[in-house]
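Working notes for the structure below.
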Amino acid sequence: MVSLLRVKFIGVILAAVFCLAAVSFFGFYLWRQGQTADPFFEFAPIDSVIYVSVRDSVWPEVKTKISDLPFKEFFKQTAENEIFSRLDLSNDVLAQVKRAAFLLVPDENSQLKKVFVFEFKEAWQIPVKFREYTIFGQNFLVVAESKSVLNKIKQVKSGAMFSLSRRVQYKKNNGLFFLYLNAGNLKSYFKADNQPLNNFFVRLSDNDLFLTLKKKNGAWQFSLKGQTATGRDLSLPEPGQKPLSESLPKDFSYYFSGLTLKEIFSYLNSAEAGISDLNRQTQASFQTIYQNDLSVFINGVSTKPIDAVIFAGNKEYAPGFGLVLVMPAPSGGQIKQFEDLARIFLAQKRPAQKERRLSDKSAVIEFLAEPDNWQWAEETINNDQKIRFLSEPALAFEWAYAIKDNKIFLANSRRQLADFFAGKDLITKNLISRCGQSNSGRLIALNPQTQPPELLPYLPAGLVLLKDSGKELAGCIIDF
């Protein structure tokens, strides 16, 4: 009898422990849902172009605050914005909130206006020193740059306008930072301002983008994912090989590794209507007039890996920025064909003019494309590196190349090529290692220090390095 009572007692204890554990787990689950569910999507109008949500750390042992995020220029310019001119952004706002959001929303004139949404820890902490603002519930403050955009927010909350949550599948923010870029709304914004560059972006903006940022091992790391309009994840290309560029000058703007010429042409063809037809027409004319089969050259080099380094500061030569391409050295025949193609290109752009007399004694001017008027020259740079170059100042045209370490380095000026060889400030494999990535796969690097001033508020202070794993872009922010 005693044994039976003991068994029943133990059973009751175990059942109580199980129930307590279940309740605790369920309570923890609900707490986590409340902590990670992003409340700001319900404020964002459906035509918002950019949506950013930030928060303090969820876990108390992690002391990272919103003001610790690596966007010092954004915080600086926001604090100087007229919206916050009557208070201290850091002490009166950021120190008192646990979550915040930043939106870019088009107004009635299709101009993007800034909207800030704050969730304060306590209702009494909400300041009201703003021109255009409204308060929802007890803890949510919305501040906007214009009255019309603020009215859109009010319409969303009242149900008169759809919110961005109808378009977004990922509505949780597990980390400190979450960014969503809506491709459809970005296209609408670009179309409203019919500029050639905008038209180019319209054709490229096919996928919504999601970026999350977290701090790990003392470094800022992030992942970038894409989503199509159907809700499927963006399928990225297969990763490439190891980078061909062993080092980068510190003044570079963008760096891409693991590309191929075939992908670049495919990218351009899909981005700009008419390029594909122009390529076919160009190949046909080269074959007919010069007996130079472009397809042989293109097919021979189109699948080789390429590194591309872009320098925004060099505007002297076409196409208006500095460019260095690095790829495995082609054969001697392919190099000769490349040189011939460059001479033919200049001959067509700068045809010779010759006067001819017709049978009726009248004179006409005949334009002749004569490639022999242009010849490649050779010189030595950096004391020992031989290069070959072809230039035409009237067209702001110059291309130079060098063969080194079984690779060909092609640049759009001799000076750019010389600077690239001399600049060994950043060792590629060291950057990748600092980011905790393997030294293979497609890489993208962005140098915020060389970006236009209007972009600086939206960029971190350190070098941004991304690696394509085949399913997503993962990377980190590196101080240098």
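Following the order of the structure tokens, chains are lettered A, B, ..., residues in each are numbered from 1, and ligands are numbered from 1.
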>> Could you pull out the helix (DSSP H, G or I) residues of segment 309-460 of chain A, going by DSSP on the backbone, and write them as an MDAnalysis selection string?
In response: chainID A and resid 332:349 371:373 393:395 414:422 428:434 448:450 453:458
> Contacts of segment 84-95 of chain A at 9 Å or less, counting only C-alpha atoms, minus same-chain residues fewer than 3 places along, as a count of residues only?
Replying inline: 18
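If only C-alpha atoms are the atoms counted, then among A:Gln353, A:Gln451, A:Ser163, A:Thr303 the closest residue to Pro45 of chain A is A:Ser163.
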>> Please list as a PyMOL selection string every residue within 8 Å of segment 145-156 of chain A, counting only C-alpha atoms and excluding residues in the same chain fewer than 4 positions away.
In response: chain A and resi 42-45+83+105-108+113-115+132-134+160-163
Would you mind exporting C-alpha atoms of the selected residues as a short mmCIF file (atom, residue, chain, number, x, y, z; two decimals), in the first residue's frame?
```cif
data_model
loop_
_atom_site.label_atom_id
_atom_site.label_comp_id
_atom_site.auth_asym_id
_atom_site.auth_seq_id
_atom_site.Cartn_x
_atom_site.Cartn_y
_atom_site.Cartn_z
CA GLU A 42 1.33 47.64 -39.85
CA PHE A 43 2.38 51.30 -40.09
CA ALA A 44 4.08 51.13 -43.52
CA PRO A 45 2.00 52.05 -46.59
CA ILE A 83 12.44 67.02 -37.86
CA VAL A 105 7.52 56.63 -48.76
CA PRO A 106 6.60 58.49 -51.98
CA ASP A 107 4.42 61.58 -51.57
CA GLU A 108 1.82 62.91 -54.02
CA LYS A 113 9.92 61.28 -47.86
CA LYS A 114 11.34 59.99 -44.59
CA VAL A 115 9.12 58.50 -41.90
CA GLU A 132 4.14 66.45 -38.32
CA TYR A 133 3.54 63.62 -35.89
CA THR A 134 0.89 61.32 -34.49
CA ALA A 160 -8.34 52.88 -45.60
CA MET A 161 -5.04 51.88 -47.27
CA PHE A 162 -3.23 48.55 -47.43
CA SER A 163 -0.07 48.11 -45.40
#
```
>> What's the separation between atom CA of Val97 of chain A and atom CA of Tyr180 of chain A, in Å to one decimal place?
In response: 21.2 Å
> Do you know which residues are at most 8 Å from Leu368 of chain A counting only C-alpha atoms, after dropping those on the same chain fewer than 6 positions away, and could you put them as a PyMOL selection string?
Replying inline: chain A and resi 351-354
Atoms kept (C-alpha atoms) for selection, written as a PDB file, in the first residue's frame:
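Wrote it out as selection_35.pdb, contents follow:
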```
ATOM      1  CA  PRO A 351      36.230  57.412 -89.818  1.00  0.00           C
ATOM      2  CA  ALA A 352      38.658  59.125 -92.183  1.00  0.00           C
ATOM      3  CA  GLN A 353      37.212  61.764 -94.491  1.00  0.00           C
ATOM      4  CA  LYS A 354      38.217  61.756 -98.161  1.00  0.00           C
TER       5      LYS A 354
END
```
> From the set A:Lys404, A:Lys215, A:Lys225, A:Arg357, which residue has the shortest atom-to-atom contact distance to Asp56 of chain A, counting only C-alpha atoms?
Replying inline: A:Lys215
>> as a list in words, please: the residues near Glu246 of chain A (cut-off 10 Å, only C-alpha atoms, same-chain neighbours under 6 positions excluded).
In response: Lys424, Leu426, Ile427, Thr428, Lys429 and Asn430 of chain A
Next, write the just-selected residues to a file, as a short mmCIF file (atom, residue, chain, number, x, y, z; two decimals), in the first residue's frame, keeping N, CA and C atoms as the atom set.
```cif
data_model
loop_
_atom_site.label_atom_id
_atom_site.label_comp_id
_atom_site.auth_asym_id
_atom_site.auth_seq_id
_atom_site.Cartn_x
_atom_site.Cartn_y
_atom_site.Cartn_z
N LYS A 424 48.57 47.94 -53.13
CA LYS A 424 48.41 46.63 -52.49
C LYS A 424 47.99 46.81 -51.03
N LEU A 426 45.00 46.42 -49.55
CA LEU A 426 44.07 45.45 -49.00
C LEU A 426 44.32 44.08 -49.62
N ILE A 427 44.75 43.12 -48.81
CA ILE A 427 45.00 41.77 -49.30
C ILE A 427 43.67 41.01 -49.29
N THR A 428 43.27 40.50 -50.44
CA THR A 428 41.94 39.93 -50.60
C THR A 428 41.68 38.78 -49.63
N LYS A 429 42.61 37.84 -49.55
CA LYS A 429 42.39 36.67 -48.70
C LYS A 429 42.32 37.05 -47.23
N ASN A 430 43.02 38.12 -46.83
CA ASN A 430 42.94 38.57 -45.44
C ASN A 430 41.56 39.16 -45.12
#
```
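Nearest to Met327 of chain A of all the residues A:Leu179, A:Ala474, A:Ala123, A:Ala402 is A:Ala402, based on only C-alpha atoms.
Close contacts of Arg434 of chain A, defined as residues with an atom at most 12 Å away when counting only C-alpha atoms, with chain neighbours fewer than 4 positions off set aside, comprise Asn217, Gly218, Ala219, Trp220, Gln221, Leu426, Ile427, Thr428, Lys429, Asn430, Ser438, Asn439, Leu463, Val464, Leu465, Gly475, Cys476, Ile477, Ile478, Asp479 and Phe480 of chain A.
Reported to one decimal place, the separation of atom CA of Asn412 of chain A from atom CA of Lys336 of chain A is 17.9 Å.
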